[in-house]
>>> print(open('work19.cif').read())   # mmCIF, C-alpha atoms
data_coords
loop_
_atom_site.group_PDB
_atom_site.id
_atom_site.type_symbol
_atom_site.label_atom_id
_atom_site.label_comp_id
_atom_site.auth_asym_id
_atom_site.auth_seq_id
_atom_site.Cartn_x
_atom_site.Cartn_y
_atom_site.Cartn_z
ATOM 1 C CA MET A 1 -120.361 79.760 -128.376
ATOM 2 C CA LYS A 2 -118.582 77.103 -126.323
ATOM 3 C CA PHE A 3 -117.520 79.752 -123.796
ATOM 4 C CA SER A 4 -121.081 80.957 -123.285
ATOM 5 C CA ILE A 5 -122.344 77.381 -122.699
ATOM 6 C CA VAL A 6 -119.665 76.781 -120.109
ATOM 7 C CA SER A 7 -120.500 80.052 -118.415
ATOM 8 C CA ILE A 8 -124.179 79.206 -118.260
ATOM 9 C CA VAL A 9 -123.470 75.736 -116.799
ATOM 10 C CA SER A 10 -121.114 77.253 -114.225
ATOM 11 C CA ALA A 11 -123.670 79.871 -113.259
ATOM 12 C CA LEU A 12 -126.382 77.262 -112.849
ATOM 13 C CA ALA A 13 -124.070 75.108 -110.721
ATOM 14 C CA ALA A 14 -123.154 78.078 -108.589
ATOM 15 C CA PHE A 15 -126.828 78.981 -108.171
ATOM 16 C CA ALA A 16 -127.709 75.408 -107.221
ATOM 17 C CA ALA A 17 -124.865 75.299 -104.694
ATOM 18 C CA ALA A 18 -125.632 78.743 -103.271
ATOM 19 C CA ARG A 19 -126.889 78.962 -99.718
ATOM 20 C CA PRO A 20 -127.266 81.800 -97.244
ATOM 21 C CA ALA A 21 -124.081 82.717 -95.418
ATOM 22 C CA PHE A 22 -123.401 85.207 -92.631
ATOM 23 C CA THR A 23 -121.189 88.135 -93.517
ATOM 24 C CA THR A 24 -120.903 89.346 -89.914
ATOM 25 C CA ILE A 25 -117.307 88.958 -88.750
ATOM 26 C CA THR A 26 -117.280 89.925 -85.065
ATOM 27 C CA PHE A 27 -119.681 88.225 -82.661
ATOM 28 C CA ASP A 28 -119.672 90.279 -79.497
ATOM 29 C CA VAL A 29 -123.079 89.089 -78.336
ATOM 30 C CA ARG A 30 -124.381 90.247 -74.958
ATOM 31 C CA GLU A 31 -127.464 89.378 -72.950
ATOM 32 C CA ASN A 32 -130.536 91.602 -73.564
ATOM 33 C CA VAL A 33 -128.580 93.699 -76.094
ATOM 34 C CA PRO A 34 -129.781 93.647 -79.766
ATOM 35 C CA PHE A 35 -127.178 92.237 -82.103
ATOM 36 C CA THR A 36 -127.280 92.756 -85.897
ATOM 37 C CA LEU A 37 -126.711 89.798 -88.191
ATOM 38 C CA GLU A 38 -126.028 90.220 -91.911
ATOM 39 C CA TRP A 39 -125.942 87.621 -94.689
ATOM 40 C CA ILE A 40 -125.977 86.945 -98.424
ATOM 41 C CA GLY A 41 -127.092 84.145 -100.753
ATOM 42 C CA ALA A 42 -130.627 83.597 -99.481
ATOM 43 C CA SER A 43 -133.116 82.380 -102.096
ATOM 44 C CA ALA A 44 -136.182 82.788 -99.876
ATOM 45 C CA PRO A 45 -137.194 84.291 -96.517
ATOM 46 C CA VAL A 46 -134.803 83.078 -93.845
ATOM 47 C CA THR A 47 -135.062 81.706 -90.315
ATOM 48 C CA ILE A 48 -132.456 82.596 -87.681
ATOM 49 C CA GLU A 49 -131.785 80.277 -84.721
ATOM 50 C CA VAL A 50 -129.280 80.132 -81.890
ATOM 51 C CA LEU A 51 -127.643 76.811 -80.959
ATOM 52 C CA SER A 52 -125.334 75.743 -78.127
ATOM 53 C CA GLY A 53 -122.297 73.486 -78.175
ATOM 54 C CA THR A 54 -118.538 73.389 -78.334
ATOM 55 C CA ASN A 55 -118.316 71.708 -81.737
ATOM 56 C CA GLN A 56 -119.749 72.882 -85.057
ATOM 57 C CA ASN A 57 -120.747 69.279 -85.798
ATOM 58 C CA ASP A 58 -122.597 68.789 -82.499
ATOM 59 C CA LEU A 59 -124.864 71.757 -81.817
ATOM 60 C CA THR A 60 -128.157 71.782 -79.931
ATOM 61 C CA PRO A 61 -130.947 74.175 -81.006
ATOM 62 C CA LYS A 62 -131.934 76.492 -78.143
ATOM 63 C CA GLU A 63 -134.256 79.153 -79.567
ATOM 64 C CA THR A 64 -135.694 80.506 -82.834
ATOM 65 C CA LEU A 65 -134.882 84.210 -82.991
ATOM 66 C CA ALA A 66 -136.494 85.293 -86.294
ATOM 67 C CA THR A 67 -138.587 83.771 -89.099
ATOM 68 C CA GLY A 68 -139.711 84.893 -92.557
ATOM 69 C CA VAL A 69 -137.014 87.567 -92.854
ATOM 70 C CA THR A 70 -136.854 88.872 -96.449
ATOM 71 C CA THR A 71 -134.076 91.419 -96.001
ATOM 72 C CA SER A 72 -130.340 90.698 -95.795
ATOM 73 C CA SER A 73 -130.004 91.644 -92.131
ATOM 74 C CA THR A 74 -131.881 91.600 -88.847
ATOM 75 C CA ALA A 75 -131.323 92.343 -85.157
ATOM 76 C CA VAL A 76 -131.644 89.535 -82.615
ATOM 77 C CA THR A 77 -131.583 89.594 -78.799
ATOM 78 C CA LEU A 78 -130.421 86.749 -76.552
ATOM 79 C CA LYS A 79 -131.845 86.398 -73.053
ATOM 80 C CA ASN A 80 -132.468 83.764 -70.361
ATOM 81 C CA LEU A 81 -129.676 81.557 -71.702
ATOM 82 C CA PRO A 82 -126.909 80.076 -69.524
ATOM 83 C CA SER A 83 -123.291 80.981 -70.163
ATOM 84 C CA GLY A 84 -121.535 78.846 -72.754
ATOM 85 C CA MET A 85 -120.537 78.528 -76.394
ATOM 86 C CA TYR A 86 -123.143 79.360 -79.041
ATOM 87 C CA ALA A 87 -123.591 79.765 -82.795
ATOM 88 C CA PHE A 88 -126.262 81.217 -85.110
ATOM 89 C CA ARG A 89 -127.894 79.185 -87.868
ATOM 90 C CA ILE A 90 -129.536 80.600 -90.994
ATOM 91 C CA SER A 91 -131.784 78.673 -93.394
ATOM 92 C CA ASP A 92 -134.036 79.650 -96.270
ATOM 93 C CA GLY A 93 -135.906 76.344 -96.677
ATOM 94 C CA VAL A 94 -134.450 75.862 -100.136
ATOM 95 C CA SER A 95 -130.785 75.034 -99.639
ATOM 96 C CA GLU A 96 -128.718 73.642 -96.816
ATOM 97 C CA PRO A 97 -128.579 75.788 -93.653
ATOM 98 C CA ASN A 98 -125.395 77.634 -92.758
ATOM 99 C CA TYR A 99 -123.761 78.585 -89.455
ATOM 100 C CA SER A 100 -121.816 81.384 -87.870
ATOM 101 C CA VAL A 101 -118.577 80.865 -85.999
ATOM 102 C CA LEU A 102 -118.801 79.753 -82.370
ATOM 103 C CA PHE A 103 -118.790 82.569 -79.839
ATOM 104 C CA ALA A 104 -118.600 82.773 -76.041
ATOM 105 C CA TYR A 105 -121.673 84.111 -74.300
ATOM 106 C CA VAL A 106 -122.217 85.164 -70.698
ATOM 107 C CA GLY A 107 -125.819 84.781 -69.564
ATOM 108 C CA THR A 108 -127.900 84.527 -66.417
ATOM 109 C CA GLY A 109 -129.973 81.490 -67.447
ATOM 110 C CA VAL A 110 -129.728 78.241 -65.454
ATOM 111 C CA ALA A 111 -128.537 75.069 -67.173
ATOM 112 C CA SER A 112 -131.026 72.187 -66.965
ATOM 113 C CA THR A 113 -130.014 69.301 -64.640
ATOM 114 C CA THR A 114 -133.413 67.569 -64.272
ATOM 115 C CA SER A 115 -132.482 64.418 -66.181
ATOM 116 C CA LYS A 116 -129.301 63.895 -64.174
ATOM 117 C CA SER A 117 -131.129 64.347 -60.871
ATOM 118 C CA THR A 118 -133.823 61.878 -61.935
ATOM 119 C CA THR A 119 -131.202 59.295 -62.961
ATOM 120 C CA SER A 120 -129.370 59.660 -59.643
ATOM 121 C CA ALA A 121 -132.612 59.251 -57.674
ATOM 122 C CA ALA A 122 -133.548 56.094 -59.628
ATOM 123 C CA SER A 123 -130.071 54.662 -59.087
ATOM 124 C CA SER A 124 -130.268 55.381 -55.351
ATOM 125 C CA THR A 125 -133.691 53.686 -55.154
ATOM 126 C CA SER A 126 -132.348 50.602 -56.931
ATOM 127 C CA VAL A 127 -129.407 50.340 -54.540
ATOM 128 C CA THR A 128 -131.719 50.726 -51.531
ATOM 129 C CA SER A 129 -134.068 47.997 -52.827
ATOM 130 C CA ALA A 130 -131.143 45.648 -53.439
ATOM 131 C CA ALA A 131 -129.809 46.263 -49.919
ATOM 132 C CA SER A 132 -133.256 45.589 -48.412
ATOM 133 C CA SER A 133 -133.575 42.327 -50.343
ATOM 134 C CA ALA A 134 -130.135 41.202 -49.206
ATOM 135 C CA SER A 135 -130.985 42.056 -45.587
ATOM 136 C CA SER A 136 -134.256 40.084 -45.767
ATOM 137 C CA ALA A 137 -132.459 37.073 -47.232
ATOM 138 C CA ALA A 138 -129.832 37.215 -44.479
ATOM 139 C CA SER A 139 -132.558 37.407 -41.803
ATOM 140 C CA SER A 140 -134.374 34.379 -43.250
ATOM 141 C CA THR A 141 -131.142 32.358 -43.358
ATOM 142 C CA SER A 142 -130.308 33.297 -39.765
ATOM 143 C CA SER A 143 -133.801 32.316 -38.558
ATOM 144 C CA GLY A 144 -133.598 28.958 -40.352
ATOM 145 C CA SER A 145 -130.187 28.207 -38.831
ATOM 146 C CA SER A 146 -131.436 29.068 -35.317
ATOM 147 C CA ALA A 147 -134.483 26.803 -35.679
ATOM 148 C CA THR A 148 -132.305 23.916 -36.918
ATOM 149 C CA SER A 149 -129.848 24.377 -34.042
ATOM 150 C CA ALA A 150 -132.666 24.458 -31.464
ATOM 151 C CA SER A 151 -134.217 21.301 -32.926
ATOM 152 C CA SER A 152 -130.867 19.497 -32.854
ATOM 153 C CA THR A 153 -130.265 20.503 -29.228
ATOM 154 C CA THR A 154 -133.740 19.310 -28.192
ATOM 155 C CA GLY A 155 -133.188 15.960 -29.909
ATOM 156 C CA THR A 156 -129.844 15.474 -28.141
ATOM 157 C CA ARG A 157 -131.353 16.243 -24.728
ATOM 158 C CA SER A 158 -134.237 13.790 -25.305
ATOM 159 C CA SER A 159 -131.813 11.038 -26.302
ATOM 160 C CA THR A 160 -129.657 11.648 -23.231
ATOM 161 C CA SER A 161 -132.678 11.556 -20.916
ATOM 162 C CA THR A 162 -133.884 8.285 -22.408
ATOM 163 C CA SER A 163 -130.474 6.643 -21.996
ATOM 164 C CA SER A 164 -130.158 7.796 -18.390
ATOM 165 C CA THR A 165 -133.612 6.461 -17.493
ATOM 166 C CA SER A 166 -133.295 3.049 -19.167
ATOM 167 C CA SER A 167 -129.687 2.149 -18.212
ATOM 168 C CA PRO A 168 -130.128 0.951 -14.602
ATOM 169 C CA THR A 169 -133.295 -1.112 -15.258
ATOM 170 C CA GLY A 170 -132.572 -4.829 -14.866
ATOM 171 C CA THR A 171 -129.166 -5.099 -13.195
ATOM 172 C CA PRO A 172 -130.184 -4.632 -9.508
ATOM 173 C CA LEU A 173 -133.226 -6.907 -9.984
ATOM 174 C CA SER A 174 -131.056 -9.690 -11.280
ATOM 175 C CA GLY A 175 -128.737 -9.464 -8.206
ATOM 176 C CA ASN A 176 -131.669 -9.534 -5.730
ATOM 177 C CA ASN A 177 -133.217 -12.565 -7.381
ATOM 178 C CA GLY A 178 -129.903 -14.461 -7.042
ATOM 179 C CA GLN A 179 -129.739 -13.671 -3.365
ATOM 180 C CA GLN A 180 -133.390 -14.672 -2.826
ATOM 181 C CA LEU A 181 -132.848 -18.072 -4.545
ATOM 182 C CA SER A 182 -129.516 -18.933 -2.892
ATOM 183 C CA SER A 183 -130.576 -18.178 0.740
ATOM 184 C CA PRO A 184 -133.214 -20.998 1.125
ATOM 185 C CA PHE A 185 -130.921 -23.471 -0.596
ATOM 186 C CA ALA A 186 -128.169 -22.717 1.918
ATOM 187 C CA LEU A 187 -130.584 -23.295 4.818
ATOM 188 C CA LEU A 188 -131.421 -26.756 3.481
ATOM 189 C CA LEU A 189 -127.761 -27.737 3.074
ATOM 190 C CA VAL A 190 -126.822 -26.977 6.719
ATOM 191 C CA PRO A 191 -128.973 -29.783 8.353
ATOM 192 C CA VAL A 192 -127.954 -32.309 5.674
ATOM 193 C CA ALA A 193 -124.268 -31.617 6.268
ATOM 194 C CA ALA A 194 -124.759 -31.928 10.068
ATOM 195 C CA PHE A 195 -126.532 -35.258 9.647
ATOM 196 C CA PHE A 196 -123.726 -36.796 7.631
ATOM 197 C CA PHE A 197 -121.081 -35.329 9.952
ATOM 198 C CA PHE A 198 -122.565 -36.778 13.174
ATOM 199 C CA ASN A 199 -123.473 -40.150 11.666
#
>>> encode(input="work19.cif", output="structure tokens")
Amino acid sequence: MKFSIVSIVSALAAFAAARPAFTTITFDVRENVPFTLEWIGASAPVTIEVLSGTNQNDLTPKETLATGVTTSSTAVTLKNLPSGMYAFRISDGVSEPNYSVLFAYVGTGVASTTSKSTTSAASSTSVTSAASSASSAASSTSSGSSATSASSTTGTRSSTSTSSTSSPTGTPLSGNNGQQLSSPFALLLVPVAAFFFFN
């Protein structure tokens, strides 16, 4: 009795843990050539997908190849995919999905590079805008320095002109006035001296 209970529990645990698994061993998959996949352990109709990547823990879904398959095998055909490493995934919607081994595939599809091109273009635009801003700032600084230098030069020239014009003002006039005052006085002294000399 104990043995039968243990058996039942083990069977239930095995059933609960069961999930579809591929039984195909060799994966010689070629472009536009049907390839037969076989599996066991499915509890419901299965879905077959192909994923790309170089690591079983980091795969990217690329295309759904079959859905609602109720048999234990089906043929799938890969096309328009770029060369790389791929794997098949099988799921029945009841238990955890399962995967095939990774396999190398040679295809004629073109890998997408749109996001990288867009990022590069945005980066180039940002650099160009920054360079333009720096150039404008340099131009403004240069213009301000030139205006300040010109103003300083003008002020210096004005000051020099003023000094040159005002320096000689008063000195010659003062000399002429001395001469004008001393000449009549000398004329008066000559007769007085003659008078005292002859008397």
>>> atom_distance(input="work19.cif", atom1="atom CA of A:Gly41", atom2="atom CA of A:Thr54")
26.3 Å
>>> resolve_selection(input="work19.cif", expression="the PyMOL selection byres ((chain A and resi 111) around 9)", output="NGL selection string")
:A and (81-83 or 109-110 or 112-113)
>>> atom_distance(input="work19.cif", atom1="atom CA of A:Ser95", atom2="atom CA of A:Gly53")
23.1 Å
>>> atom_distance(input="work19.cif", atom1="atom CA of A:Val69", atom2="atom CA of A:Thr108")
28.1 Å
>>> closest_residue(input="work19.cif", among="A:Gly107, A:Pro97, A:Pro61, A:Pro45", to="A:Thr74", atoms="all atoms listed in the file")
A:Pro45
>>> closest_residue(input="work19.cif", among="A:Ile25, A:Tyr105, A:Tyr99, A:Phe35", to="A:Asn57", atoms="all atoms listed in the file")
A:Tyr99
>>> residues_around(input="work19.cif", residues="A:Glu38", least_positions_apart="4", cutoff="10 Å", atoms="all atoms listed in the file", output="count of residues only")
10
>>> residues_around(input="work19.cif", residues="stretch 48-50 of chain A", least_positions_apart="4", cutoff="7 Å", atoms="only C-alpha atoms", output="PDB file with C-alpha atoms, in the frame of the given file")
ATOM      1  CA  PRO A  61    -130.947  74.175 -81.006  1.00  0.00           C
ATOM      2  CA  LYS A  62    -131.934  76.492 -78.143  1.00  0.00           C
ATOM      3  CA  GLU A  63    -134.256  79.153 -79.567  1.00  0.00           C
ATOM      4  CA  THR A  64    -135.694  80.506 -82.834  1.00  0.00           C
ATOM      5  CA  LEU A  65    -134.882  84.210 -82.991  1.00  0.00           C
ATOM      6  CA  ALA A  66    -136.494  85.293 -86.294  1.00  0.00           C
ATOM      7  CA  THR A  67    -138.587  83.771 -89.099  1.00  0.00           C
ATOM      8  CA  TYR A  86    -123.143  79.360 -79.041  1.00  0.00           C
ATOM      9  CA  ALA A  87    -123.591  79.765 -82.795  1.00  0.00           C
ATOM     10  CA  PHE A  88    -126.262  81.217 -85.110  1.00  0.00           C
ATOM     11  CA  ARG A  89    -127.894  79.185 -87.868  1.00  0.00           C
ATOM     12  CA  ILE A  90    -129.536  80.600 -90.994  1.00  0.00           C
ATOM     13  CA  SER A  91    -131.784  78.673 -93.394  1.00  0.00           C
TER      14      SER A  91
END
>>> resolve_selection(input="work19.cif", expression="the PyMOL selection byres ((chain A and resi 31) around 8)", output="ChimeraX atom specification")
/A:29-30,32-33,77-80,105-107
>>> build_atoms(input="work19.cif", residues="stretch 30-41 of chain A", atoms="all heavy atoms", output="PDB file, keeping the file's coordinate frame")
ATOM      1  N   ARG A  30    -124.146  90.048 -76.392  1.00  0.00           N
ATOM      2  CA  ARG A  30    -124.381  90.247 -74.958  1.00  0.00           C
ATOM      3  C   ARG A  30    -125.856  90.033 -74.632  1.00  0.00           C
ATOM      4  O   ARG A  30    -126.721  90.251 -75.478  1.00  0.00           O
ATOM      5  CB  ARG A  30    -123.947  91.659 -74.542  1.00  0.00           C
ATOM      6  CG  ARG A  30    -122.474  91.935 -74.813  1.00  0.00           C
ATOM      7  CD  ARG A  30    -122.092  93.334 -74.375  1.00  0.00           C
ATOM      8  NE  ARG A  30    -120.693  93.635 -74.699  1.00  0.00           N
ATOM      9  CZ  ARG A  30    -120.097  94.781 -74.409  1.00  0.00           C
ATOM     10  NH1 ARG A  30    -120.761  95.757 -73.780  1.00  0.00           N
ATOM     11  NH2 ARG A  30    -118.823  94.967 -74.744  1.00  0.00           N
ATOM     12  N   GLU A  31    -126.097  89.657 -73.390  1.00  0.00           N
ATOM     13  CA  GLU A  31    -127.464  89.378 -72.950  1.00  0.00           C
ATOM     14  C   GLU A  31    -128.315  90.650 -72.959  1.00  0.00           C
ATOM     15  O   GLU A  31    -127.878  91.717 -72.491  1.00  0.00           O
ATOM     16  CB  GLU A  31    -127.449  88.765 -71.545  1.00  0.00           C
ATOM     17  CG  GLU A  31    -128.827  88.286 -71.077  1.00  0.00           C
ATOM     18  CD  GLU A  31    -128.750  87.576 -69.741  1.00  0.00           C
ATOM     19  OE1 GLU A  31    -128.035  88.067 -68.846  1.00  0.00           O
ATOM     20  OE2 GLU A  31    -129.393  86.518 -69.596  1.00  0.00           O
ATOM     21  N   ASN A  32    -129.547  90.509 -73.502  1.00  0.00           N
ATOM     22  CA  ASN A  32    -130.536  91.602 -73.564  1.00  0.00           C
ATOM     23  C   ASN A  32    -130.061  92.807 -74.370  1.00  0.00           C
ATOM     24  O   ASN A  32    -130.616  93.903 -74.243  1.00  0.00           O
ATOM     25  CB  ASN A  32    -130.924  92.063 -72.146  1.00  0.00           C
ATOM     26  CG  ASN A  32    -131.670  90.987 -71.377  1.00  0.00           C
ATOM     27  OD1 ASN A  32    -132.513  90.283 -71.933  1.00  0.00           O
ATOM     28  ND2 ASN A  32    -131.365  90.846 -70.092  1.00  0.00           N
ATOM     29  N   VAL A  33    -129.066  92.622 -75.227  1.00  0.00           N
ATOM     30  CA  VAL A  33    -128.580  93.699 -76.094  1.00  0.00           C
ATOM     31  C   VAL A  33    -128.789  93.267 -77.550  1.00  0.00           C
ATOM     32  O   VAL A  33    -128.258  92.229 -77.964  1.00  0.00           O
ATOM     33  CB  VAL A  33    -127.092  94.003 -75.851  1.00  0.00           C
ATOM     34  CG1 VAL A  33    -126.604  95.076 -76.821  1.00  0.00           C
ATOM     35  CG2 VAL A  33    -126.881  94.436 -74.402  1.00  0.00           C
ATOM     36  N   PRO A  34    -129.560  94.027 -78.359  1.00  0.00           N
ATOM     37  CA  PRO A  34    -129.781  93.647 -79.766  1.00  0.00           C
ATOM     38  C   PRO A  34    -128.454  93.525 -80.522  1.00  0.00           C
ATOM     39  O   PRO A  34    -127.550  94.355 -80.353  1.00  0.00           O
ATOM     40  CB  PRO A  34    -130.637  94.794 -80.314  1.00  0.00           C
ATOM     41  CG  PRO A  34    -131.321  95.357 -79.106  1.00  0.00           C
ATOM     42  CD  PRO A  34    -130.331  95.238 -77.994  1.00  0.00           C
ATOM     43  N   PHE A  35    -128.388  92.477 -81.314  1.00  0.00           N
ATOM     44  CA  PHE A  35    -127.178  92.237 -82.103  1.00  0.00           C
ATOM     45  C   PHE A  35    -127.591  92.062 -83.564  1.00  0.00           C
ATOM     46  O   PHE A  35    -128.491  91.286 -83.877  1.00  0.00           O
ATOM     47  CB  PHE A  35    -126.451  90.983 -81.604  1.00  0.00           C
ATOM     48  CG  PHE A  35    -125.204  90.658 -82.353  1.00  0.00           C
ATOM     49  CD1 PHE A  35    -124.033  91.363 -82.103  1.00  0.00           C
ATOM     50  CD2 PHE A  35    -125.193  89.662 -83.329  1.00  0.00           C
ATOM     51  CE1 PHE A  35    -122.866  91.064 -82.807  1.00  0.00           C
ATOM     52  CE2 PHE A  35    -124.043  89.361 -84.023  1.00  0.00           C
ATOM     53  CZ  PHE A  35    -122.873  90.073 -83.763  1.00  0.00           C
ATOM     54  N   THR A  36    -126.906  92.776 -84.471  1.00  0.00           N
ATOM     55  CA  THR A  36    -127.280  92.756 -85.897  1.00  0.00           C
ATOM     56  C   THR A  36    -126.513  91.682 -86.655  1.00  0.00           C
ATOM     57  O   THR A  36    -125.287  91.614 -86.590  1.00  0.00           O
ATOM     58  CB  THR A  36    -127.015  94.123 -86.551  1.00  0.00           C
ATOM     59  OG1 THR A  36    -127.792  95.118 -85.876  1.00  0.00           O
ATOM     60  CG2 THR A  36    -127.404  94.098 -88.018  1.00  0.00           C
ATOM     61  N   LEU A  37    -127.282  90.829 -87.329  1.00  0.00           N
ATOM     62  CA  LEU A  37    -126.711  89.798 -88.191  1.00  0.00           C
ATOM     63  C   LEU A  37    -126.937  90.185 -89.646  1.00  0.00           C
ATOM     64  O   LEU A  37    -128.023  90.657 -90.018  1.00  0.00           O
ATOM     65  CB  LEU A  37    -127.377  88.444 -87.916  1.00  0.00           C
ATOM     66  CG  LEU A  37    -127.050  87.764 -86.590  1.00  0.00           C
ATOM     67  CD1 LEU A  37    -127.986  86.581 -86.378  1.00  0.00           C
ATOM     68  CD2 LEU A  37    -125.608  87.305 -86.559  1.00  0.00           C
ATOM     69  N   GLU A  38    -125.929  89.944 -90.477  1.00  0.00           N
ATOM     70  CA  GLU A  38    -126.028  90.220 -91.911  1.00  0.00           C
ATOM     71  C   GLU A  38    -125.636  88.976 -92.697  1.00  0.00           C
ATOM     72  O   GLU A  38    -124.799  88.200 -92.240  1.00  0.00           O
ATOM     73  CB  GLU A  38    -125.110  91.396 -92.300  1.00  0.00           C
ATOM     74  CG  GLU A  38    -125.476  92.703 -91.607  1.00  0.00           C
ATOM     75  CD  GLU A  38    -124.540  93.843 -91.984  1.00  0.00           C
ATOM     76  OE1 GLU A  38    -123.455  93.552 -92.543  1.00  0.00           O
ATOM     77  OE2 GLU A  38    -124.881  95.007 -91.727  1.00  0.00           O
ATOM     78  N   TRP A  39    -126.213  88.801 -93.882  1.00  0.00           N
ATOM     79  CA  TRP A  39    -125.942  87.621 -94.689  1.00  0.00           C
ATOM     80  C   TRP A  39    -126.159  87.891 -96.160  1.00  0.00           C
ATOM     81  O   TRP A  39    -126.737  88.919 -96.550  1.00  0.00           O
ATOM     82  CB  TRP A  39    -126.818  86.459 -94.230  1.00  0.00           C
ATOM     83  CG  TRP A  39    -128.304  86.730 -94.373  1.00  0.00           C
ATOM     84  CD1 TRP A  39    -129.090  86.511 -95.459  1.00  0.00           C
ATOM     85  CD2 TRP A  39    -129.154  87.303 -93.378  1.00  0.00           C
ATOM     86  NE1 TRP A  39    -130.387  86.885 -95.232  1.00  0.00           N
ATOM     87  CE2 TRP A  39    -130.451  87.379 -93.932  1.00  0.00           C
ATOM     88  CE3 TRP A  39    -128.971  87.762 -92.072  1.00  0.00           C
ATOM     89  CZ2 TRP A  39    -131.544  87.910 -93.255  1.00  0.00           C
ATOM     90  CZ3 TRP A  39    -130.059  88.265 -91.396  1.00  0.00           C
ATOM     91  CH2 TRP A  39    -131.325  88.333 -91.967  1.00  0.00           C
ATOM     92  N   ILE A  40    -125.757  86.897 -96.975  1.00  0.00           N
ATOM     93  CA  ILE A  40    -125.977  86.945 -98.424  1.00  0.00           C
ATOM     94  C   ILE A  40    -126.370  85.543 -98.887  1.00  0.00           C
ATOM     95  O   ILE A  40    -126.213  84.559 -98.146  1.00  0.00           O
ATOM     96  CB  ILE A  40    -124.720  87.399 -99.194  1.00  0.00           C
ATOM     97  CG1 ILE A  40    -123.549  86.436 -98.885  1.00  0.00           C
ATOM     98  CG2 ILE A  40    -124.345  88.835 -98.844  1.00  0.00           C
ATOM     99  CD1 ILE A  40    -122.307  86.694 -99.740  1.00  0.00           C
ATOM    100  N   GLY A  41    -126.850  85.444-100.131  1.00  0.00           N
ATOM    101  CA  GLY A  41    -127.092  84.145-100.753  1.00  0.00           C
ATOM    102  C   GLY A  41    -128.421  83.501-100.435  1.00  0.00           C
ATOM    103  O   GLY A  41    -128.639  82.346-100.817  1.00  0.00           O
TER     104      GLY A  41
END
